[in-house]
Number of protein chains: 2
Amino acid sequence: MDYPSKLIENAVNQIAKLPGIGKKTALRLALHLIRDKAENTTALTEALINLRAKIRFCTTCNNISDETICAICLSHKRDQAILCVVEDAKDVMAIENTSQFNGVYHVLGGVISPMNGVGPSDLKIESLVSRLNRSESEIKEVILALSPTMEGDTTAFYINKRIKDLALRVSVIARGIPIGGDLEYADEITLGRSIIGRTLFT
Amino acid sequence: MDYPSKLIENAVNQIAKLPGIGKKTALRLALHLIRDKAENTTALTEALINLRAKIRFCTTCNNISDETICAICLSHKRDQAILCVVEDAKDVMAIENTSQFNGVYHVLGGVISPMNGVGPSDLKIESLVSRLNRSESEIKEVILALSPTMEGDTTAFYINKRIKDLALRVSVIARGIPIGGDLEYADEITLGRSIIGRTLFT
């Protein structure tokens with residue numbers, strides 16, 4: 001496709017780098033921004049720049065947070081004995097939405113995926129292991145709430161291998177979620193049931 | 001949905017203002033940017049800021065252009081006697097892709113849409129009429145290449161009413177394109193045929 005302007009071409013190429021957005025959608029978005037009010041583009045770019053520059057992660061659970069330690073880790077109402085391991089901040093949001101879990105989280109920041117060059121060292125697995133090993137740790141159970149995909153299963157298997165010698169109950173969420181599906185798109189009832197119906201890791 | 005950070009919430013709200021992007025996709029894109037290299041966010045936002053700040057339009061045809069007058073309007077190889085009226089810069093790109101048209105363009109910048117508050121004065125219709133009225137104008141035919149939707153038809157009808165007293169052949173592209181479809185998604189053969197098979201505006 002020949003673009004009438006280098007500015008358009010550059011914008012389209014940058015937008016199309018985002019996951020799930022192709023060149024046609026990128027062009028549509030770029031032309032929308034040109035037609036739209038200039039302040040909307042300013043608001044969008046400022047939000048993205050601020051996001052990338054100022055975003056912080058909870059030093060305990062690695063969830064996105066505006067503070068050093070997030071509200072969930074600090075809360076006295078949360079059960080510090082149950083730790084839920086998830087891939088991503090959006091999985092925390094999805095599980096919080098079910099109101100079926102009152103423990104704390106550990107956000108891995110991804111799953112093991114050799115295809116995409118993501119190994120265990122790229123994830124917050126070491127920090128999980130040392131968190132569980134800490135003498136003051138109250139954690140009695142680790143729930144592995146990863147998507148039931150190849151990558152999620154591999155990650156769960158790896159984590160279980162690393163922590164199985166600790167005196168912990170290790171569980172996985174029930175496979176009420178369709179295999180091959182993506183955890184964030186499960187409806188709240190299915191996701192809530194899968195937390196209640198968790199089974200021992202075998 | 002409760003967001004773990006104001007930065008995320010603000011970014012999601014801004015991204016979700018883009019057409020065809022909902023809150024879930026916006027969240028996915030925001031989390032992708034956080035995980036991705038910082039320079040990719042910088043490249044994206046710079047491309048968008050440059051696009052919005054530096055984008056220019058051809059003073060003749062209103063197409064996106066890096067120059068005051070675009071390459072198509074300046075070209076001696078183009079037939080200055082045939083003018084193709086389109087909604088948008090992406091329609092110019094789609095028609096250029098068919099290699100079936102060698103005339104020049106006039107980009108309206110939208111179509112008449114009372115539902116969205118777009119009237120004739122919001123579009124480059126006056127500049128089209130004065131371009132056609134100019135004494136040095138070589139234009140003999142006007143092709144109305146608008147999407148065969150309610151808004152496109154209304155716009156074609158309005159333009160025809162404004163220019164029907166000029167000694168011009170006014171044609172519309174053949175309705176080989178499915179009614180209700182969007183011009184930019186037509187395949188090249190259908191779109192090319194529709195230019196060859198244009199009929200007199202009735």
# chains A, B, ... in the order shown; residues from 1 in each chain; ligands from 1
>>> residues_around(residues="Ala53 of chain B", least_positions_apart="5", cutoff="12 Å", atoms="only C-alpha atoms", output="PDB file with C-alpha atoms, in the first residue's frame")
ATOM      1  CA  LEU A   7       3.739  10.909   8.615  1.00  0.00           C
ATOM      2  CA  ILE A   8       0.791   8.605   7.934  1.00  0.00           C
ATOM      3  CA  LEU A  33      -6.927  11.047  14.850  1.00  0.00           C
ATOM      4  CA  ILE A  34      -6.301  13.457  11.960  1.00  0.00           C
ATOM      5  CA  LYS A  37      -9.817  17.317  17.659  1.00  0.00           C
ATOM      6  CA  ALA A  38      -6.087  17.873  18.265  1.00  0.00           C
ATOM      7  CA  GLU A  39      -6.554  17.787  22.056  1.00  0.00           C
ATOM      8  CA  THR A  41      -4.491  13.106  20.308  1.00  0.00           C
ATOM      9  CA  THR A  42      -2.645  15.110  22.986  1.00  0.00           C
TER      10      THR A  42
ATOM     11  CA  GLU B  46       6.053  10.517  18.747  1.00  0.00           C
ATOM     12  CA  ALA B  47       4.536   9.191  15.524  1.00  0.00           C
ATOM     13  CA  LEU B  48       1.056  10.234  16.690  1.00  0.00           C
TER      14      LEU B  48
END
>>> closest_atom_pairs(of="chain B", to="chain A", cutoff="8 Å", atoms="only C-alpha atoms", output="tab-separated table")
residue	atom	partner	partner_atom	distance
B:Met1	CA	A:Asn97	CA	7.3
B:Asp2	CA	A:Met93	CA	7.0
B:Tyr3	CA	A:Met93	CA	7.1
B:Pro4	CA	A:Ser65	CA	5.7
B:Ser5	CA	A:Ser65	CA	5.3
B:Lys6	CA	A:Asp66	CA	7.3
B:Leu7	CA	A:Leu51	CA	5.2
B:Ile8	CA	A:Leu51	CA	6.5
B:Asn10	CA	A:Ala47	CA	6.2
B:Ala11	CA	A:Ala47	CA	4.9
B:Gln14	CA	A:Leu44	CA	5.2
B:Ile15	CA	A:Leu44	CA	6.6
B:Leu18	CA	A:Leu29	CA	6.8
B:Pro19	CA	A:Leu29	CA	7.1
B:Leu27	CA	A:Lys90	CA	7.7
B:Arg28	CA	A:Lys90	CA	7.9
B:Leu29	CA	A:Leu18	CA	6.7
B:Ala30	CA	A:Leu48	CA	7.8
B:Leu31	CA	A:Ala89	CA	7.9
B:His32	CA	A:Pro19	CA	7.7
B:Leu33	CA	A:Arg52	CA	7.1
B:Ile34	CA	A:Arg52	CA	5.8
B:Arg35	CA	A:Gly109	CA	7.8
B:Ala38	CA	A:Arg52	CA	6.6
B:Thr41	CA	A:Ile49	CA	7.1
B:Thr42	CA	A:Ile49	CA	7.2
B:Ala43	CA	A:Gln14	CA	7.0
B:Leu44	CA	A:Gln14	CA	5.2
B:Thr45	CA	A:Thr45	CA	5.2
B:Ala47	CA	A:Ala11	CA	4.9
B:Leu48	CA	A:Ala11	CA	5.9
B:Ile49	CA	A:Thr41	CA	7.1
B:Asn50	CA	A:Leu7	CA	6.9
B:Leu51	CA	A:Leu7	CA	5.3
B:Arg52	CA	A:Ile34	CA	5.8
B:Lys54	CA	A:Leu7	CA	7.8
B:Ile55	CA	A:Leu7	CA	6.8
B:Asn63	CA	A:Pro4	CA	7.9
B:Ile64	CA	A:Pro4	CA	6.0
B:Ser65	CA	A:Ser5	CA	5.3
B:Asp66	CA	A:Ser5	CA	5.4
B:Ala89	CA	A:Leu31	CA	7.9
B:Lys90	CA	A:Leu27	CA	7.8
B:Met93	CA	A:Asp2	CA	7.0
B:Asn97	CA	A:Met1	CA	7.3
B:Gly109	CA	A:Arg35	CA	7.9
>>> write_last_selection(atoms="N, CA and C atoms", output="tab-separated table (two decimals), in the first residue's frame")
chain	number	residue	atom	x	y	z
B	1	MET	N	-15.35	-1.98	36.26
B	1	MET	CA	-14.02	-2.59	36.46
B	1	MET	C	-13.15	-1.62	37.27
B	2	ASP	N	-12.55	-2.15	38.36
B	2	ASP	CA	-11.63	-1.34	39.16
B	2	ASP	C	-10.21	-1.54	38.63
B	3	TYR	N	-9.55	-0.44	38.34
B	3	TYR	CA	-8.18	-0.53	37.85
B	3	TYR	C	-7.20	-0.38	39.01
B	4	PRO	N	-6.08	-1.10	38.97
B	4	PRO	CA	-5.14	-1.02	40.10
B	4	PRO	C	-4.37	0.29	40.13
B	5	SER	N	-4.48	1.10	39.08
B	5	SER	CA	-3.69	2.33	39.02
B	5	SER	C	-4.45	3.37	38.21
B	6	LYS	N	-4.37	4.63	38.64
B	6	LYS	CA	-4.97	5.76	37.91
B	6	LYS	C	-4.36	5.90	36.52
B	7	LEU	N	-3.06	5.59	36.42
B	7	LEU	CA	-2.36	5.71	35.14
B	7	LEU	C	-2.96	4.75	34.13
B	8	ILE	N	-3.23	3.52	34.57
B	8	ILE	CA	-3.85	2.52	33.71
B	8	ILE	C	-5.24	2.97	33.32
B	10	ASN	N	-6.56	5.93	33.18
B	10	ASN	CA	-6.53	7.06	32.26
B	10	ASN	C	-6.14	6.59	30.85
B	11	ALA	N	-5.12	5.74	30.77
B	11	ALA	CA	-4.69	5.23	29.46
B	11	ALA	C	-5.80	4.42	28.80
B	14	GLN	N	-8.51	6.70	27.45
B	14	GLN	CA	-8.08	7.41	26.23
B	14	GLN	C	-8.04	6.47	25.03
B	15	ILE	N	-7.50	5.26	25.23
B	15	ILE	CA	-7.39	4.32	24.10
B	15	ILE	C	-8.79	3.91	23.65
B	18	LEU	N	-10.88	5.54	20.82
B	18	LEU	CA	-10.62	5.28	19.40
B	18	LEU	C	-11.75	4.41	18.85
B	19	PRO	N	-12.10	4.60	17.56
B	19	PRO	CA	-13.24	3.86	17.02
B	19	PRO	C	-12.97	2.36	16.94
B	27	LEU	N	-7.41	-2.12	27.59
B	27	LEU	CA	-6.62	-2.62	28.72
B	27	LEU	C	-5.49	-3.53	28.23
B	28	ARG	N	-5.84	-4.40	27.28
B	28	ARG	CA	-4.85	-5.30	26.71
B	28	ARG	C	-3.70	-4.52	26.06
B	29	LEU	N	-4.05	-3.46	25.32
B	29	LEU	CA	-3.03	-2.64	24.66
B	29	LEU	C	-2.19	-1.90	25.70
B	30	ALA	N	-2.84	-1.36	26.74
B	30	ALA	CA	-2.10	-0.62	27.78
B	30	ALA	C	-1.11	-1.56	28.48
B	31	LEU	N	-1.57	-2.78	28.81
B	31	LEU	CA	-0.67	-3.72	29.50
B	31	LEU	C	0.45	-4.17	28.57
B	32	HIS	N	0.13	-4.27	27.27
B	32	HIS	CA	1.18	-4.61	26.30
B	32	HIS	C	2.27	-3.54	26.31
B	33	LEU	N	1.86	-2.27	26.32
B	33	LEU	CA	2.84	-1.18	26.31
B	33	LEU	C	3.70	-1.20	27.57
B	34	ILE	N	3.09	-1.51	28.72
B	34	ILE	CA	3.85	-1.57	29.97
B	34	ILE	C	4.91	-2.66	29.91
B	35	ARG	N	4.53	-3.80	29.34
B	35	ARG	CA	5.45	-4.95	29.27
B	35	ARG	C	6.52	-4.76	28.20
B	38	ALA	N	10.35	0.42	26.52
B	38	ALA	CA	9.90	1.81	26.66
B	38	ALA	C	10.02	2.56	25.34
B	41	THR	N	6.91	2.60	23.10
B	41	THR	CA	5.88	3.58	23.46
B	41	THR	C	6.29	4.96	22.99
B	42	THR	N	7.58	5.29	23.16
B	42	THR	CA	8.07	6.59	22.70
B	42	THR	C	7.88	6.73	21.19
B	43	ALA	N	8.24	5.69	20.45
B	43	ALA	CA	8.11	5.74	18.99
B	43	ALA	C	6.65	5.91	18.58
B	44	LEU	N	5.76	5.19	19.27
B	44	LEU	CA	4.32	5.29	18.96
B	44	LEU	C	3.80	6.69	19.24
B	45	THR	N	4.07	7.21	20.44
B	45	THR	CA	3.52	8.52	20.79
B	45	THR	C	4.14	9.62	19.93
B	47	ALA	N	5.15	9.30	16.85
B	47	ALA	CA	4.54	9.19	15.52
B	47	ALA	C	3.16	9.86	15.53
B	48	LEU	N	2.41	9.65	16.61
B	48	LEU	CA	1.06	10.23	16.69
B	48	LEU	C	1.11	11.76	16.86
B	49	ILE	N	2.06	12.22	17.69
B	49	ILE	CA	2.19	13.67	17.90
B	49	ILE	C	2.61	14.35	16.60
B	50	ASN	N	3.61	13.76	15.92
B	50	ASN	CA	4.06	14.31	14.64
B	50	ASN	C	2.95	14.31	13.61
B	51	LEU	N	2.21	13.19	13.57
B	51	LEU	CA	1.11	13.06	12.62
B	51	LEU	C	0.14	14.21	12.79
B	52	ARG	N	-0.29	14.41	14.06
B	52	ARG	CA	-1.33	15.41	14.31
B	52	ARG	C	-0.80	16.81	14.11
B	54	LYS	N	1.96	17.85	12.23
B	54	LYS	CA	2.60	18.24	10.97
B	54	LYS	C	1.81	17.86	9.73
B	55	ILE	N	0.71	17.12	9.92
B	55	ILE	CA	-0.01	16.64	8.76
B	55	ILE	C	-0.54	17.83	7.94
B	63	ASN	N	-6.45	16.02	-0.26
B	63	ASN	CA	-5.87	14.73	0.15
B	63	ASN	C	-4.70	15.01	1.11
B	64	ILE	N	-4.39	14.01	1.93
B	64	ILE	CA	-3.22	14.11	2.80
B	64	ILE	C	-1.97	14.22	1.93
B	65	SER	N	-1.06	15.07	2.31
B	65	SER	CA	0.11	15.32	1.47
B	65	SER	C	1.24	15.86	2.32
B	66	ASP	N	2.49	15.57	1.94
B	66	ASP	CA	3.60	16.19	2.64
B	66	ASP	C	3.94	17.56	2.03
B	89	ALA	N	-9.12	9.99	2.61
B	89	ALA	CA	-7.81	9.68	2.06
B	89	ALA	C	-7.65	8.18	1.82
B	90	LYS	N	-8.29	7.33	2.65
B	90	LYS	CA	-8.11	5.89	2.43
B	90	LYS	C	-8.86	5.40	1.21
B	93	MET	N	-6.42	5.91	-1.61
B	93	MET	CA	-5.44	4.81	-1.61
B	93	MET	C	-6.05	3.55	-2.19
B	97	ASN	N	-4.90	1.80	-5.76
B	97	ASN	CA	-4.51	0.39	-5.73
B	97	ASN	C	-5.11	-0.42	-6.88
B	109	GLY	N	-13.47	14.66	3.02
B	109	GLY	CA	-13.17	14.63	4.46
B	109	GLY	C	-14.33	14.12	5.29
>>> residues_around(residues="segment 124-126 of chain B", least_positions_apart="6", cutoff="10 Å", atoms="only C-alpha atoms", output="PDB file with C-alpha atoms, in the first residue's frame")
ATOM      1  CA  CYS B  61      -7.796  18.209  -3.654  1.00  0.00           C
ATOM      2  CA  ASN B  62      -7.662  18.101   0.194  1.00  0.00           C
ATOM      3  CA  VAL B  85     -14.924  12.692  -5.451  1.00  0.00           C
ATOM      4  CA  GLU B  87     -14.991  10.570   1.271  1.00  0.00           C
ATOM      5  CA  HIS B 106     -11.324  15.607  -4.489  1.00  0.00           C
ATOM      6  CA  VAL B 107     -11.394  14.427  -0.876  1.00  0.00           C
ATOM      7  CA  LEU B 108     -14.506  15.560   1.027  1.00  0.00           C
ATOM      8  CA  GLY B 109     -13.175  14.635   4.463  1.00  0.00           C
ATOM      9  CA  GLY B 110     -16.366  12.770   5.363  1.00  0.00           C
ATOM     10  CA  VAL B 111     -19.979  12.326   4.247  1.00  0.00           C
ATOM     11  CA  LEU B 132     -15.377  23.206 -10.791  1.00  0.00           C
ATOM     12  CA  THR B 155     -23.877  13.245  -0.067  1.00  0.00           C
ATOM     13  CA  TYR B 158     -26.475  16.861  -2.507  1.00  0.00           C
ATOM     14  CA  ILE B 159     -23.329  17.317  -4.611  1.00  0.00           C
ATOM     15  CA  ARG B 162     -25.075  21.720  -6.414  1.00  0.00           C
TER      16      ARG B 162
END
>>> closest_residue(among="B:Val129, B:Gly180, B:Leu168, B:Arg134", to="Met150 of chain B", atoms="only C-alpha atoms")
B:Gly180
>>> calpha_fit_rmsd(fixed="chain B", moving="chain A")
0.1 Å
>>> closest_residue(among="A:Asn133, A:Thr98, A:Thr68, A:Thr60", to="Asp165 of chain A", atoms="only C-alpha atoms")
A:Asn133
>>> select_by_dssp(residues="segment 97-168 of chain A", states="helix (DSSP H, G or I)", output="ChimeraX atom specification")
/A:97-98,114-116,120-122,125-133,150-163
>>> write_last_selection(atoms="N, CA and C atoms", output="tab-separated table (two decimals), in the first residue's frame")
chain	number	residue	atom	x	y	z
A	97	ASN	N	-13.00	-9.24	40.31
A	97	ASN	CA	-14.37	-9.03	39.84
A	97	ASN	C	-15.33	-10.16	40.24
A	98	THR	N	-14.79	-11.37	40.46
A	98	THR	CA	-15.66	-12.49	40.83
A	98	THR	C	-16.08	-12.43	42.30
A	114	PRO	N	8.57	-20.65	25.07
A	114	PRO	CA	9.80	-20.72	24.27
A	114	PRO	C	9.62	-20.13	22.87
A	115	MET	N	8.41	-20.26	22.31
A	115	MET	CA	8.11	-19.70	20.99
A	115	MET	C	8.34	-18.19	20.93
A	116	ASN	N	8.00	-17.50	22.04
A	116	ASN	CA	8.18	-16.05	22.10
A	116	ASN	C	9.43	-15.66	22.87
A	120	PRO	N	11.78	-18.92	32.23
A	120	PRO	CA	11.46	-18.68	33.65
A	120	PRO	C	12.14	-17.43	34.21
A	121	SER	N	13.35	-17.11	33.74
A	121	SER	CA	14.08	-15.98	34.30
A	121	SER	C	13.47	-14.64	33.87
A	122	ASP	N	12.62	-14.65	32.83
A	122	ASP	CA	11.96	-13.41	32.41
A	122	ASP	C	10.73	-13.11	33.27
A	125	ILE	N	9.32	-15.49	38.91
A	125	ILE	CA	9.24	-16.79	39.57
A	125	ILE	C	10.23	-16.85	40.75
A	126	GLU	N	11.44	-16.30	40.54
A	126	GLU	CA	12.42	-16.27	41.64
A	126	GLU	C	11.85	-15.51	42.83
A	127	SER	N	11.21	-14.36	42.54
A	127	SER	CA	10.67	-13.56	43.64
A	127	SER	C	9.52	-14.29	44.33
A	128	LEU	N	8.79	-15.12	43.57
A	128	LEU	CA	7.73	-15.95	44.18
A	128	LEU	C	8.35	-16.97	45.13
A	129	VAL	N	9.39	-17.66	44.64
A	129	VAL	CA	10.04	-18.70	45.45
A	129	VAL	C	10.62	-18.09	46.73
A	130	SER	N	11.31	-16.94	46.61
A	130	SER	CA	11.91	-16.35	47.81
A	130	SER	C	10.83	-15.80	48.73
A	131	ARG	N	9.71	-15.34	48.16
A	131	ARG	CA	8.58	-14.88	48.99
A	131	ARG	C	8.03	-16.04	49.83
A	132	LEU	N	7.95	-17.22	49.21
A	132	LEU	CA	7.42	-18.40	49.90
A	132	LEU	C	8.42	-18.93	50.93
A	133	ASN	N	9.72	-18.73	50.65
A	133	ASN	CA	10.77	-19.23	51.53
A	133	ASN	C	11.03	-18.35	52.74
A	150	MET	N	-1.10	-24.34	26.63
A	150	MET	CA	0.21	-24.99	26.68
A	150	MET	C	1.17	-24.20	27.56
A	151	GLU	N	1.25	-22.89	27.31
A	151	GLU	CA	2.18	-22.04	28.06
A	151	GLU	C	1.82	-21.97	29.54
A	152	GLY	N	0.51	-21.83	29.81
A	152	GLY	CA	0.06	-21.75	31.20
A	152	GLY	C	0.37	-23.04	31.94
A	153	ASP	N	0.08	-24.18	31.30
A	153	ASP	CA	0.35	-25.48	31.92
A	153	ASP	C	1.84	-25.68	32.17
A	154	THR	N	2.66	-25.28	31.19
A	154	THR	CA	4.11	-25.40	31.35
A	154	THR	C	4.58	-24.59	32.55
A	155	THR	N	4.06	-23.37	32.65
A	155	THR	CA	4.45	-22.49	33.74
A	155	THR	C	4.02	-23.07	35.09
A	156	ALA	N	2.78	-23.59	35.15
A	156	ALA	CA	2.28	-24.20	36.38
A	156	ALA	C	3.16	-25.39	36.77
A	157	PHE	N	3.50	-26.21	35.79
A	157	PHE	CA	4.34	-27.38	36.02
A	157	PHE	C	5.70	-26.95	36.58
A	158	TYR	N	6.29	-25.93	35.97
A	158	TYR	CA	7.60	-25.45	36.39
A	158	TYR	C	7.56	-24.90	37.82
A	159	ILE	N	6.53	-24.08	38.10
A	159	ILE	CA	6.43	-23.50	39.45
A	159	ILE	C	6.23	-24.60	40.49
A	160	ASN	N	5.37	-25.58	40.17
A	160	ASN	CA	5.13	-26.68	41.12
A	160	ASN	C	6.43	-27.42	41.43
A	161	LYS	N	7.23	-27.64	40.39
A	161	LYS	CA	8.51	-28.32	40.57
A	161	LYS	C	9.42	-27.53	41.51
A	162	ARG	N	9.40	-26.20	41.37
A	162	ARG	CA	10.25	-25.35	42.18
A	162	ARG	C	9.79	-25.29	43.64
A	163	ILE	N	8.49	-25.43	43.90
A	163	ILE	CA	7.99	-25.18	45.27
A	163	ILE	C	7.44	-26.43	45.94
>>> select_by_dssp(residues="segment 75-194 of chain A", states="strand (DSSP E)", output="PyMOL selection string")
chain A and resi 82-86+104-107+141-144+169-172
>>> residues_around(residues="Val172 of chain A", least_positions_apart="6", cutoff="12 Å", atoms="only C-alpha atoms", output="number ranges by chain")
A: 83-86, 141-148, 152-153, 155-157, 159-160, 194-202
>>> write_last_selection(atoms="C-alpha atoms", output="PDB file, in the first residue's frame")
ATOM      1  CA  LEU A  83      -1.526 -16.796  47.473  1.00  0.00           C
ATOM      2  CA  CYS A  84      -2.933 -16.760  43.948  1.00  0.00           C
ATOM      3  CA  VAL A  85      -0.341 -16.864  41.140  1.00  0.00           C
ATOM      4  CA  VAL A  86      -1.490 -15.166  37.919  1.00  0.00           C
ATOM      5  CA  GLU A 141      -1.589 -22.459  50.001  1.00  0.00           C
ATOM      6  CA  VAL A 142      -0.539 -21.462  46.497  1.00  0.00           C
ATOM      7  CA  ILE A 143      -3.271 -21.371  43.856  1.00  0.00           C
ATOM      8  CA  LEU A 144      -1.910 -21.554  40.309  1.00  0.00           C
ATOM      9  CA  ALA A 145      -4.497 -19.514  38.365  1.00  0.00           C
ATOM     10  CA  LEU A 146      -2.924 -19.621  34.916  1.00  0.00           C
ATOM     11  CA  SER A 147      -4.710 -19.896  31.567  1.00  0.00           C
ATOM     12  CA  PRO A 148      -5.281 -23.568  30.611  1.00  0.00           C
ATOM     13  CA  GLY A 152       0.061 -21.754  31.196  1.00  0.00           C
ATOM     14  CA  ASP A 153       0.351 -25.478  31.917  1.00  0.00           C
ATOM     15  CA  THR A 155       4.448 -22.486  33.741  1.00  0.00           C
ATOM     16  CA  ALA A 156       2.278 -24.197  36.384  1.00  0.00           C
ATOM     17  CA  PHE A 157       4.342 -27.380  36.024  1.00  0.00           C
ATOM     18  CA  ILE A 159       6.426 -23.498  39.447  1.00  0.00           C
ATOM     19  CA  ASN A 160       5.135 -26.677  41.118  1.00  0.00           C
ATOM     20  CA  SER A 194     -13.002 -22.413  39.025  1.00  0.00           C
ATOM     21  CA  ILE A 195     -11.520 -20.772  42.143  1.00  0.00           C
ATOM     22  CA  ILE A 196     -13.973 -22.540  44.495  1.00  0.00           C
ATOM     23  CA  GLY A 197     -13.506 -25.908  42.706  1.00  0.00           C
ATOM     24  CA  ARG A 198      -9.704 -25.882  42.638  1.00  0.00           C
ATOM     25  CA  THR A 199      -7.994 -29.296  42.882  1.00  0.00           C
ATOM     26  CA  LEU A 200      -4.611 -30.458  44.215  1.00  0.00           C
ATOM     27  CA  PHE A 201      -1.762 -30.164  41.731  1.00  0.00           C
ATOM     28  CA  THR A 202      -0.808 -33.653  40.589  1.00  0.00           C
TER      29      THR A 202
END
>>> residues_around(residues="Gly103 of chain B", least_positions_apart="5", cutoff="8 Å", atoms="only C-alpha atoms", output="PyMOL selection string")
chain B and resi 78-84
>>> write_last_selection(atoms="C-alpha atoms", output="JSON list (two decimals), in the first residue's frame")
[["chain", "number", "residue", "atom", "x", "y", "z"],
["B", 78, "ARG", "CA", -2.89, 12.30, -14.75],
["B", 79, "ASP", "CA", -5.99, 13.23, -16.72],
["B", 80, "GLN", "CA", -7.04, 16.60, -15.29],
["B", 81, "ALA", "CA", -10.41, 16.30, -17.08],
["B", 82, "ILE", "CA", -11.77, 13.58, -14.79],
["B", 83, "LEU", "CA", -12.32, 14.31, -11.12],
["B", 84, "CYS", "CA", -13.13, 11.57, -8.62]]
>>> atom_distance(atom1="atom CA of Ile69 of chain B", atom2="atom CA of Leu183 of chain B")
25.1 Å
>>> atom_distance(atom1="atom CA of Thr59 of chain B", atom2="atom CA of Leu74 of chain B")
11.4 Å
